[in-house]
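Below is the file work17.pdb, which contains PDB, C-alpha atoms.
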ATOM      1  CA  MET A   1      45.077 -71.727 -17.864
ATOM      2  CA  VAL A   2      43.994 -70.556 -21.273
ATOM      3  CA  SER A   3      45.281 -72.505 -24.227
ATOM      4  CA  PHE A   4      47.733 -71.120 -26.745
ATOM      5  CA  PRO A   5      48.783 -72.204 -30.229
ATOM      6  CA  ALA A   6      51.125 -75.164 -30.170
ATOM      7  CA  LYS A   7      53.950 -73.190 -31.693
ATOM      8  CA  ALA A   8      54.161 -69.565 -30.694
ATOM      9  CA  HIS A   9      56.957 -67.117 -31.266
ATOM     10  CA  SER A  10      59.433 -67.318 -28.407
ATOM     11  CA  ALA A  11      59.589 -64.384 -26.065
ATOM     12  CA  ASP A  12      62.946 -65.780 -25.023
ATOM     13  CA  SER A  13      64.620 -65.862 -28.428
ATOM     14  CA  ASP A  14      66.599 -62.730 -27.619
ATOM     15  CA  LEU A  15      66.977 -63.728 -23.974
ATOM     16  CA  ALA A  16      68.723 -66.904 -25.082
ATOM     17  CA  ALA A  17      71.398 -65.022 -26.983
ATOM     18  CA  PRO A  18      74.824 -64.887 -25.298
ATOM     19  CA  ALA A  19      74.959 -62.240 -22.597
ATOM     20  CA  THR A  20      77.459 -59.830 -24.060
ATOM     21  CA  SER A  21      77.362 -56.054 -24.013
ATOM     22  CA  VAL A  22      77.100 -56.001 -27.812
ATOM     23  CA  ARG A  23      75.385 -59.012 -29.301
ATOM     24  CA  ARG A  24      77.522 -60.634 -31.955
ATOM     25  CA  ASP A  25      75.926 -61.109 -35.363
ATOM     26  CA  THR A  26      78.409 -63.433 -36.992
ATOM     27  CA  ARG A  27      77.011 -66.140 -39.230
ATOM     28  CA  GLY A  28      77.740 -68.713 -36.547
ATOM     29  CA  GLU A  29      75.901 -66.756 -33.847
ATOM     30  CA  LYS A  30      72.875 -66.284 -36.090
ATOM     31  CA  ARG A  31      72.770 -70.012 -36.735
ATOM     32  CA  ARG A  32      73.096 -70.770 -33.034
ATOM     33  CA  ARG A  33      70.164 -68.476 -32.308
ATOM     34  CA  ARG A  34      68.124 -70.325 -34.952
ATOM     35  CA  ILE A  35      69.051 -73.601 -33.283
ATOM     36  CA  TYR A  36      68.044 -72.268 -29.845
ATOM     37  CA  LYS A  37      64.704 -71.076 -31.182
ATOM     38  CA  SER A  38      64.081 -74.382 -32.923
ATOM     39  CA  LEU A  39      64.835 -76.321 -29.735
ATOM     40  CA  HIS A  40      62.533 -74.004 -27.793
ATOM     41  CA  ASP A  41      59.694 -74.428 -30.296
ATOM     42  CA  CYS A  42      60.149 -78.197 -30.502
ATOM     43  CA  ILE A  43      60.039 -78.567 -26.726
ATOM     44  CA  ILE A  44      56.877 -76.483 -26.528
ATOM     45  CA  SER A  45      55.312 -78.463 -29.378
ATOM     46  CA  LYS A  46      56.183 -82.037 -28.380
ATOM     47  CA  GLY A  47      58.333 -81.980 -25.233
ATOM     48  CA  TYR A  48      62.067 -82.485 -24.807
ATOM     49  CA  VAL A  49      61.998 -86.287 -24.647
ATOM     50  CA  LYS A  50      60.166 -86.625 -27.971
ATOM     51  CA  THR A  51      62.257 -83.966 -29.690
ATOM     52  CA  THR A  52      64.993 -85.392 -31.916
ATOM     53  CA  LEU A  53      68.123 -83.784 -33.250
ATOM     54  CA  ALA A  54      66.589 -84.026 -36.718
ATOM     55  CA  ASP A  55      63.546 -82.049 -35.504
ATOM     56  CA  ILE A  56      65.766 -79.277 -34.166
ATOM     57  CA  ALA A  57      67.869 -79.205 -37.320
ATOM     58  CA  GLU A  58      64.788 -79.017 -39.540
ATOM     59  CA  GLY A  59      63.377 -76.122 -37.526
ATOM     60  CA  ALA A  60      66.711 -74.319 -37.785
ATOM     61  CA  GLY A  61      66.846 -74.822 -41.548
ATOM     62  CA  MET A  62      69.867 -77.123 -41.629
ATOM     63  CA  THR A  63      70.787 -80.786 -41.624
ATOM     64  CA  ALA A  64      71.468 -82.739 -38.447
ATOM     65  CA  SER A  65      75.111 -83.182 -39.442
ATOM     66  CA  HIS A  66      75.428 -79.426 -39.988
ATOM     67  CA  LEU A  67      73.893 -78.763 -36.567
ATOM     68  CA  LEU A  68      76.499 -81.026 -34.965
ATOM     69  CA  TYR A  69      79.135 -78.575 -36.153
ATOM     70  CA  TYR A  70      77.739 -76.143 -33.553
ATOM     71  CA  PHE A  71      76.552 -78.452 -30.757
ATOM     72  CA  ASN A  72      77.385 -81.986 -29.716
ATOM     73  CA  GLY A  73      73.788 -83.187 -29.474
ATOM     74  CA  LYS A  74      70.485 -81.865 -28.185
ATOM     75  CA  GLU A  75      71.651 -82.052 -24.561
ATOM     76  CA  ALA A  76      74.418 -79.550 -25.294
ATOM     77  CA  ILE A  77      71.932 -77.218 -26.991
ATOM     78  CA  LEU A  78      69.602 -77.252 -23.989
ATOM     79  CA  GLU A  79      72.463 -76.777 -21.545
ATOM     80  CA  GLN A  80      73.743 -73.666 -23.313
ATOM     81  CA  TYR A  81      70.266 -72.315 -24.039
ATOM     82  CA  PHE A  82      69.230 -72.647 -20.394
ATOM     83  CA  ALA A  83      72.481 -71.040 -19.234
ATOM     84  CA  ASN A  84      71.941 -68.062 -21.545
ATOM     85  CA  VAL A  85      68.323 -67.587 -20.470
ATOM     86  CA  ALA A  86      69.286 -67.874 -16.790
ATOM     87  CA  VAL A  87      71.881 -65.123 -17.206
ATOM     88  CA  ARG A  88      69.371 -62.847 -18.942
ATOM     89  CA  PHE A  89      66.735 -63.461 -16.278
ATOM     90  CA  LEU A  90      69.234 -62.718 -13.512
ATOM     91  CA  GLU A  91      70.297 -59.504 -15.223
ATOM     92  CA  ARG A  92      66.668 -58.382 -15.195
ATOM     93  CA  ILE A  93      65.962 -59.506 -11.631
ATOM     94  CA  GLU A  94      69.159 -58.144 -10.097
ATOM     95  CA  GLY A  95      68.561 -54.887 -11.960
ATOM     96  CA  PHE A  96      65.492 -54.370  -9.777
ATOM     97  CA  ALA A  97      67.825 -53.785  -6.810
ATOM     98  CA  GLN A  98      68.187 -50.096  -7.674
ATOM     99  CA  HIS A  99      64.539 -49.581  -6.681
ATOM    100  CA  PRO A 100      63.035 -49.411  -3.168
ATOM    101  CA  ALA A 101      62.494 -52.826  -1.593
ATOM    102  CA  GLU A 102      58.698 -52.563  -1.532
ATOM    103  CA  GLN A 103      58.642 -51.697  -5.228
ATOM    104  CA  GLN A 104      60.887 -54.668  -5.977
ATOM    105  CA  VAL A 105      58.207 -57.042  -4.687
ATOM    106  CA  GLN A 106      55.788 -55.728  -7.296
ATOM    107  CA  MET A 107      58.460 -55.810 -10.005
ATOM    108  CA  LEU A 108      59.302 -59.439  -9.243
ATOM    109  CA  ALA A 109      55.633 -60.390  -9.278
ATOM    110  CA  ASP A 110      55.153 -58.637 -12.608
ATOM    111  CA  PHE A 111      58.228 -60.341 -14.061
ATOM    112  CA  TRP A 112      57.188 -63.848 -13.015
ATOM    113  CA  PHE A 113      53.420 -63.623 -13.440
ATOM    114  CA  LYS A 114      52.738 -60.851 -15.963
ATOM    115  CA  GLY A 115      55.806 -60.686 -18.203
ATOM    116  CA  GLU A 116      56.580 -62.234 -21.576
ATOM    117  CA  THR A 117      57.954 -65.304 -19.800
ATOM    118  CA  SER A 118      54.642 -66.015 -18.056
ATOM    119  CA  THR A 119      52.529 -67.518 -20.818
ATOM    120  CA  ARG A 120      51.511 -71.127 -20.359
ATOM    121  CA  LEU A 121      53.929 -72.146 -23.095
ATOM    122  CA  GLU A 122      56.905 -70.424 -21.482
ATOM    123  CA  ILE A 123      56.090 -71.822 -18.036
ATOM    124  CA  GLY A 124      55.917 -75.275 -19.601
ATOM    125  CA  PHE A 125      59.306 -74.747 -21.208
ATOM    126  CA  MET A 126      60.754 -73.708 -17.841
ATOM    127  CA  LEU A 127      59.353 -76.835 -16.204
ATOM    128  CA  GLU A 128      60.893 -78.989 -18.951
ATOM    129  CA  CYS A 129      64.294 -77.423 -18.233
ATOM    130  CA  PHE A 130      63.912 -77.921 -14.493
ATOM    131  CA  GLY A 131      62.891 -81.540 -15.004
ATOM    132  CA  ASN A 132      65.921 -82.271 -17.162
ATOM    133  CA  ALA A 133      68.170 -80.680 -14.531
ATOM    134  CA  VAL A 134      67.462 -83.675 -12.280
ATOM    135  CA  ASN A 135      69.760 -85.953 -14.292
ATOM    136  CA  ASP A 136      71.945 -83.462 -16.164
ATOM    137  CA  ASP A 137      74.887 -82.213 -14.109
ATOM    138  CA  ILE A 138      75.393 -79.063 -16.193
ATOM    139  CA  LEU A 139      71.723 -78.072 -16.062
ATOM    140  CA  ARG A 140      71.640 -78.819 -12.339
ATOM    141  CA  ILE A 141      74.601 -76.519 -11.670
ATOM    142  CA  THR A 142      73.015 -73.748 -13.737
ATOM    143  CA  LYS A 143      69.697 -74.105 -11.931
ATOM    144  CA  ALA A 144      71.335 -74.241  -8.498
ATOM    145  CA  ASP A 145      73.193 -70.998  -9.230
ATOM    146  CA  PHE A 146      70.015 -69.400 -10.566
ATOM    147  CA  ASP A 147      68.063 -70.433  -7.466
ATOM    148  CA  SER A 148      70.804 -69.195  -5.144
ATOM    149  CA  ARG A 149      71.007 -65.756  -6.746
ATOM    150  CA  CYS A 150      67.234 -65.336  -6.877
ATOM    151  CA  LYS A 151      66.990 -66.201  -3.183
ATOM    152  CA  ALA A 152      69.848 -63.815  -2.379
ATOM    153  CA  HIS A 153      67.929 -61.044  -4.132
ATOM    154  CA  LEU A 154      64.810 -61.865  -2.127
ATOM    155  CA  ALA A 155      66.848 -61.979   1.091
ATOM    156  CA  ASN A 156      68.059 -58.437   0.412
ATOM    157  CA  ILE A 157      64.452 -57.321   0.002
ATOM    158  CA  PHE A 158      63.471 -58.894   3.313
ATOM    159  CA  ALA A 159      66.562 -57.451   5.007
ATOM    160  CA  ALA A 160      65.297 -53.978   4.068
ATOM    161  CA  ALA A 161      61.755 -54.683   5.280
ATOM    162  CA  PRO A 162      60.248 -52.752   8.213
ATOM    163  CA  ARG A 163      59.384 -55.974  10.062
ATOM    164  CA  LEU A 164      59.559 -59.671   9.306
ATOM    165  CA  LEU A 165      57.017 -62.364   9.995
ATOM    166  CA  LEU A 166      59.995 -64.701  10.363
ATOM    167  CA  ALA A 167      63.138 -63.726  12.232
ATOM    168  CA  ASP A 168      65.582 -64.462   9.435
ATOM    169  CA  ALA A 169      65.598 -62.738   6.022
ATOM    170  CA  ARG A 170      67.139 -65.819   4.400
ATOM    171  CA  ASP A 171      64.376 -68.072   5.720
ATOM    172  CA  SER A 172      61.819 -65.601   4.398
ATOM    173  CA  ALA A 173      63.549 -65.630   1.008
ATOM    174  CA  GLU A 174      63.512 -69.431   0.930
ATOM    175  CA  ILE A 175      59.758 -69.482   1.493
ATOM    176  CA  ALA A 176      59.079 -66.661  -0.971
ATOM    177  CA  TYR A 177      61.120 -68.321  -3.720
ATOM    178  CA  SER A 178      59.468 -71.685  -3.135
ATOM    179  CA  MET A 179      56.080 -69.982  -3.332
ATOM    180  CA  MET A 180      57.002 -68.214  -6.555
ATOM    181  CA  ILE A 181      58.170 -71.390  -8.316
ATOM    182  CA  GLY A 182      55.268 -73.359  -6.862
ATOM    183  CA  LEU A 183      52.675 -70.863  -8.036
ATOM    184  CA  ARG A 184      54.091 -70.874 -11.573
ATOM    185  CA  SER A 185      53.873 -74.669 -11.594
ATOM    186  CA  ALA A 186      50.341 -74.564 -10.182
ATOM    187  CA  VAL A 187      49.230 -72.198 -12.920
ATOM    188  CA  TYR A 188      50.480 -74.667 -15.525
ATOM    189  CA  PHE A 189      48.805 -77.754 -14.055
ATOM    190  CA  ASP A 190      45.762 -76.394 -12.205
ATOM    191  CA  ASP A 191      42.990 -74.754 -14.217
ATOM    192  CA  ASP A 192      41.520 -73.305 -11.017
ATOM    193  CA  ILE A 193      44.364 -70.816 -10.526
ATOM    194  CA  SER A 194      45.155 -68.076 -13.029
ATOM    195  CA  LEU A 195      48.299 -66.026 -13.533
ATOM    196  CA  GLU A 196      46.428 -63.024 -12.187
ATOM    197  CA  ARG A 197      45.488 -64.896  -9.018
ATOM    198  CA  ALA A 198      49.037 -66.219  -8.614
ATOM    199  CA  HIS A 199      50.344 -62.654  -8.978
ATOM    200  CA  THR A 200      47.997 -61.465  -6.232
ATOM    201  CA  LEU A 201      48.845 -64.342  -3.894
ATOM    202  CA  PHE A 202      52.568 -63.751  -4.302
ATOM    203  CA  THR A 203      52.492 -59.984  -3.777
ATOM    204  CA  GLU A 204      50.057 -60.061  -0.855
ATOM    205  CA  THR A 205      51.906 -62.856   0.930
ATOM    206  CA  VAL A 206      55.393 -61.386   0.477
ATOM    207  CA  ASN A 207      54.164 -57.951   1.535
ATOM    208  CA  ARG A 208      52.662 -59.400   4.706
ATOM    209  CA  MET A 209      55.786 -61.430   5.398
ATOM    210  CA  SER A 210      57.881 -58.259   5.111
ATOM    211  CA  GLY A 211      55.619 -55.727   6.792
ATOM    212  CA  PHE A 212      55.225 -53.645   3.635
ATOM    213  CA  SER A 213      51.461 -53.937   4.019
ATOM    214  CA  ALA A 214      49.054 -54.926   6.729
TER
END
Whole structure, structure tokens version:
Amino acid sequence: MVSFPAKAHSADSDLAAPATSVRRDTRGEKRRRRIYKSLHDCIISKGYVKTTLADIAEGAGMTASHLLYYFNGKEAILEQYFANVAVRFLERIEGFAQHPAEQQVQMLADFWFKGETSTRLEIGFMLECFGNAVNDDILRITKADFDSRCKAHLANIFAAAPRLLLADARDSAEIAYSMMIGLRSAVYFDDDISLERAHTLFTETVNRMSGFSA
């Protein structure tokens, strides 16, 4: 993949805000958003393990003790941040359901491989979150719910397909989701595959699995 500056503006700064119909702009919410953005930038810059509470506080323009008024440590910040982003992503993905199934395949591919969340930095941030979900019960529950709902959305697409390569729409969804996550990881670690190529592989494979194209 191409390289990016170590600290880029987060495309997810708004996505990480609480999912309410009207975003609150109280002083506390503004400070929480600054904390989320600081955590995000610190993780991209040095990784979650090397990020300290003091680093996050400095990036948010406050002291570590002041930050603890809002969150009980960096684990709590990541847990809430990831939950907020997951909700926003699901709102976008599940919103595709109003379109024809074949069009949804393209929309999903664009979201995962062409959207604001598909830069190398944002994919790396996602992988950091997934890695921490291994030993964090709250992150693991959030990720499991996210995975389940994404696969349910894919299963609905396959259920509406003209013909399936596999007999079961849920099995098809399992494979398609694994391919999607795997391709995003491959793009991050393998210089021989680009986002554009991953986008093509995903769309062509899912279309063939569903009978939307020959």
If we count all atoms listed in the file, what is near Asp55 in chain A at a cut-off of 12 Å, once residues fewer than 3 positions away on the same chain are taken out, given as a PyMOL selection string?
chain A and resi 35+37-43+45-52+58-64+67+73-74
List the neighbours of Arg140 in chain A out to 10 Å using all atoms listed in the file; skip same-chain residues closer than 5 positions along the sequence, and give me the result as a list in words.
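Once the nearby chain positions are removed, what remains is Glu79, Cys129, Phe130, Gly131, Asn132, Ala133, Val134, Asn135, Asp145 and Phe146 of chain A.
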Please list as number ranges by chain every residue within 12 Å of Glu204 in chain A, counting only C-alpha atoms and excluding residues in the same chain fewer than 2 positions away.
A: 102, 105-106, 109, 176, 179, 197-202, 206-214
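When you apply the PyMOL selection byres ((chain A and resi 160) around 10) to this structure, what comes back is Pro100, Ala101, Glu102, Ala155, Asn156, Ile157, Phe158, Ala159, Ala161, Pro162, Arg163, Leu164, Ala169 and Ser210 of chain A.
Considering all atoms listed in the file, the residue among A:Phe189, A:Leu53, A:Leu165, A:Leu195 positioned nearest to Leu127 in chain A is A:Phe189.
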Separation of CA of Asn84 in chain A from CA of Ile175 in chain A, in Å and rounded to one decimal:
26.1 Å
Selection dump of the PyMOL selection byres ((chain A and resi 138) around 10), as a ChimeraX atom specification
/A:75-76,78-80,82-83,133-137,139-144
Please measure the separation of CA of Ser118 in chain A and CA of Ala54 in chain A, giving the value in Å to one decimal.
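The value is 28.6 Å.
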When the PyMOL selection byres ((chain A and resi 186) around 12) is applied to the file above, which residues end up in the set, as a ChimeraX atom specification?
/A:1,113,120,123-124,127,178-185,187-195,197-199
Can you measure CA of Leu166 in chain A to CA of Phe89 in chain A for me? One decimal in Å is fine.
27.5 Å
When distances are computed from only C-alpha atoms, which of A:Ile44, A:Gln98, A:Arg32, A:Glu116 shows the smallest separation from Leu68 in chain A?
A:Arg32
Range 91-95 of chain A surroundings by all atoms listed in the file, 8 Å radius, close-in-sequence under 4 positions cut, as a short mmCIF file (atom, residue, chain, number, x, y, z; two decimals) with C-alpha atoms, in the frame of the given file:
data_model
loop_
_atom_site.label_atom_id
_atom_site.label_comp_id
_atom_site.auth_asym_id
_atom_site.auth_seq_id
_atom_site.Cartn_x
_atom_site.Cartn_y
_atom_site.Cartn_z
CA VAL A 87 71.88 -65.12 -17.21
CA LEU A 108 59.30 -59.44 -9.24
CA CYS A 150 67.23 -65.34 -6.88
CA HIS A 153 67.93 -61.04 -4.13
#
Using all atoms listed in the file, the residue out of A:Ala167, A:Ala97, A:Ala86, A:Ala152 with shortest distance to Met126 in chain A is A:Ala86
Can I get range 128-163 of chain A with N, CA and C atoms filled in, as a PDB file, in the frame of the given file?
ATOM      1  N   GLU A 128      60.117 -77.984 -18.217  1.00  0.00           N
ATOM      2  CA  GLU A 128      60.893 -78.989 -18.951  1.00  0.00           C
ATOM      3  C   GLU A 128      62.378 -78.870 -18.606  1.00  0.00           C
ATOM      4  N   CYS A 129      62.876 -77.645 -18.569  1.00  0.00           N
ATOM      5  CA  CYS A 129      64.294 -77.423 -18.233  1.00  0.00           C
ATOM      6  C   CYS A 129      64.587 -77.890 -16.817  1.00  0.00           C
ATOM      7  N   PHE A 130      63.711 -77.525 -15.882  1.00  0.00           N
ATOM      8  CA  PHE A 130      63.912 -77.921 -14.493  1.00  0.00           C
ATOM      9  C   PHE A 130      63.881 -79.440 -14.360  1.00  0.00           C
ATOM     10  N   GLY A 131      62.972 -80.089 -15.075  1.00  0.00           N
ATOM     11  CA  GLY A 131      62.891 -81.540 -15.004  1.00  0.00           C
ATOM     12  C   GLY A 131      64.148 -82.213 -15.524  1.00  0.00           C
ATOM     13  N   ASN A 132      64.697 -81.691 -16.606  1.00  0.00           N
ATOM     14  CA  ASN A 132      65.921 -82.271 -17.162  1.00  0.00           C
ATOM     15  C   ASN A 132      67.134 -82.010 -16.283  1.00  0.00           C
ATOM     16  N   ALA A 133      67.053 -80.985 -15.430  1.00  0.00           N
ATOM     17  CA  ALA A 133      68.170 -80.680 -14.531  1.00  0.00           C
ATOM     18  C   ALA A 133      68.360 -81.755 -13.471  1.00  0.00           C
ATOM     19  N   VAL A 134      67.357 -82.612 -13.282  1.00  0.00           N
ATOM     20  CA  VAL A 134      67.462 -83.675 -12.280  1.00  0.00           C
ATOM     21  C   VAL A 134      68.611 -84.623 -12.615  1.00  0.00           C
ATOM     22  N   ASN A 135      68.755 -84.963 -13.889  1.00  0.00           N
ATOM     23  CA  ASN A 135      69.760 -85.953 -14.292  1.00  0.00           C
ATOM     24  C   ASN A 135      70.856 -85.401 -15.190  1.00  0.00           C
ATOM     25  N   ASP A 136      70.906 -84.094 -15.348  1.00  0.00           N
ATOM     26  CA  ASP A 136      71.945 -83.462 -16.164  1.00  0.00           C
ATOM     27  C   ASP A 136      72.781 -82.569 -15.256  1.00  0.00           C
ATOM     28  N   ASP A 137      74.036 -82.940 -15.058  1.00  0.00           N
ATOM     29  CA  ASP A 137      74.887 -82.213 -14.109  1.00  0.00           C
ATOM     30  C   ASP A 137      75.046 -80.746 -14.479  1.00  0.00           C
ATOM     31  N   ILE A 138      75.184 -80.449 -15.766  1.00  0.00           N
ATOM     32  CA  ILE A 138      75.393 -79.063 -16.193  1.00  0.00           C
ATOM     33  C   ILE A 138      74.139 -78.235 -15.954  1.00  0.00           C
ATOM     34  N   LEU A 139      72.976 -78.778 -16.323  1.00  0.00           N
ATOM     35  CA  LEU A 139      71.723 -78.072 -16.062  1.00  0.00           C
ATOM     36  C   LEU A 139      71.499 -77.888 -14.571  1.00  0.00           C
ATOM     37  N   ARG A 140      71.847 -78.899 -13.789  1.00  0.00           N
ATOM     38  CA  ARG A 140      71.640 -78.819 -12.339  1.00  0.00           C
ATOM     39  C   ARG A 140      72.494 -77.715 -11.722  1.00  0.00           C
ATOM     40  N   ILE A 141      73.730 -77.584 -12.178  1.00  0.00           N
ATOM     41  CA  ILE A 141      74.601 -76.519 -11.670  1.00  0.00           C
ATOM     42  C   ILE A 141      74.048 -75.149 -12.045  1.00  0.00           C
ATOM     43  N   THR A 142      73.589 -75.020 -13.290  1.00  0.00           N
ATOM     44  CA  THR A 142      73.015 -73.748 -13.737  1.00  0.00           C
ATOM     45  C   THR A 142      71.788 -73.393 -12.922  1.00  0.00           C
ATOM     46  N   LYS A 143      70.913 -74.372 -12.701  1.00  0.00           N
ATOM     47  CA  LYS A 143      69.697 -74.105 -11.931  1.00  0.00           C
ATOM     48  C   LYS A 143      70.024 -73.787 -10.476  1.00  0.00           C
ATOM     49  N   ALA A 144      70.971 -74.502  -9.892  1.00  0.00           N
ATOM     50  CA  ALA A 144      71.335 -74.241  -8.498  1.00  0.00           C
ATOM     51  C   ALA A 144      71.868 -72.821  -8.328  1.00  0.00           C
ATOM     52  N   ASP A 145      72.676 -72.369  -9.280  1.00  0.00           N
ATOM     53  CA  ASP A 145      73.193 -70.998  -9.230  1.00  0.00           C
ATOM     54  C   ASP A 145      72.062 -69.990  -9.411  1.00  0.00           C
ATOM     55  N   PHE A 146      71.157 -70.282 -10.338  1.00  0.00           N
ATOM     56  CA  PHE A 146      70.015 -69.400 -10.566  1.00  0.00           C
ATOM     57  C   PHE A 146      69.166 -69.293  -9.304  1.00  0.00           C
ATOM     58  N   ASP A 147      68.856 -70.431  -8.697  1.00  0.00           N
ATOM     59  CA  ASP A 147      68.063 -70.433  -7.466  1.00  0.00           C
ATOM     60  C   ASP A 147      68.751 -69.634  -6.366  1.00  0.00           C
ATOM     61  N   SER A 148      70.048 -69.860  -6.203  1.00  0.00           N
ATOM     62  CA  SER A 148      70.804 -69.195  -5.144  1.00  0.00           C
ATOM     63  C   SER A 148      70.781 -67.679  -5.300  1.00  0.00           C
ATOM     64  N   ARG A 149      70.964 -67.206  -6.520  1.00  0.00           N
ATOM     65  CA  ARG A 149      71.007 -65.756  -6.746  1.00  0.00           C
ATOM     66  C   ARG A 149      69.621 -65.128  -6.629  1.00  0.00           C
ATOM     67  N   CYS A 150      68.598 -65.844  -7.058  1.00  0.00           N
ATOM     68  CA  CYS A 150      67.234 -65.336  -6.877  1.00  0.00           C
ATOM     69  C   CYS A 150      66.897 -65.225  -5.394  1.00  0.00           C
ATOM     70  N   LYS A 151      67.274 -66.229  -4.620  1.00  0.00           N
ATOM     71  CA  LYS A 151      66.990 -66.201  -3.183  1.00  0.00           C
ATOM     72  C   LYS A 151      67.813 -65.126  -2.481  1.00  0.00           C
ATOM     73  N   ALA A 152      69.033 -64.892  -2.955  1.00  0.00           N
ATOM     74  CA  ALA A 152      69.848 -63.815  -2.379  1.00  0.00           C
ATOM     75  C   ALA A 152      69.194 -62.461  -2.631  1.00  0.00           C
ATOM     76  N   HIS A 153      68.627 -62.296  -3.819  1.00  0.00           N
ATOM     77  CA  HIS A 153      67.929 -61.044  -4.132  1.00  0.00           C
ATOM     78  C   HIS A 153      66.722 -60.867  -3.217  1.00  0.00           C
ATOM     79  N   LEU A 154      65.956 -61.926  -3.028  1.00  0.00           N
ATOM     80  CA  LEU A 154      64.810 -61.865  -2.127  1.00  0.00           C
ATOM     81  C   LEU A 154      65.245 -61.597  -0.692  1.00  0.00           C
ATOM     82  N   ALA A 155      66.354 -62.203  -0.272  1.00  0.00           N
ATOM     83  CA  ALA A 155      66.848 -61.979   1.091  1.00  0.00           C
ATOM     84  C   ALA A 155      67.194 -60.513   1.312  1.00  0.00           C
ATOM     85  N   ASN A 156      67.747 -59.867   0.298  1.00  0.00           N
ATOM     86  CA  ASN A 156      68.059 -58.437   0.412  1.00  0.00           C
ATOM     87  C   ASN A 156      66.787 -57.607   0.553  1.00  0.00           C
ATOM     88  N   ILE A 157      65.731 -58.017  -0.136  1.00  0.00           N
ATOM     89  CA  ILE A 157      64.452 -57.321   0.002  1.00  0.00           C
ATOM     90  C   ILE A 157      63.936 -57.459   1.430  1.00  0.00           C
ATOM     91  N   PHE A 158      63.955 -58.672   1.950  1.00  0.00           N
ATOM     92  CA  PHE A 158      63.471 -58.894   3.313  1.00  0.00           C
ATOM     93  C   PHE A 158      64.352 -58.200   4.349  1.00  0.00           C
ATOM     94  N   ALA A 159      65.655 -58.128   4.072  1.00  0.00           N
ATOM     95  CA  ALA A 159      66.562 -57.451   5.007  1.00  0.00           C
ATOM     96  C   ALA A 159      66.245 -55.966   5.116  1.00  0.00           C
ATOM     97  N   ALA A 160      65.652 -55.401   4.067  1.00  0.00           N
ATOM     98  CA  ALA A 160      65.297 -53.978   4.068  1.00  0.00           C
ATOM     99  C   ALA A 160      63.864 -53.734   4.528  1.00  0.00           C
ATOM    100  N   ALA A 161      63.167 -54.797   4.908  1.00  0.00           N
ATOM    101  CA  ALA A 161      61.755 -54.683   5.280  1.00  0.00           C
ATOM    102  C   ALA A 161      61.596 -54.056   6.663  1.00  0.00           C
ATOM    103  N   PRO A 162      60.477 -53.379   6.908  1.00  0.00           N
ATOM    104  CA  PRO A 162      60.248 -52.752   8.213  1.00  0.00           C
ATOM    105  C   PRO A 162      60.095 -53.759   9.345  1.00  0.00           C
ATOM    106  N   ARG A 163      59.500 -54.910   9.057  1.00  0.00           N
ATOM    107  CA  ARG A 163      59.384 -55.974  10.062  1.00  0.00           C
ATOM    108  C   ARG A 163      59.155 -57.292   9.334  1.00  0.00           C
TER     109      ARG A 163
END
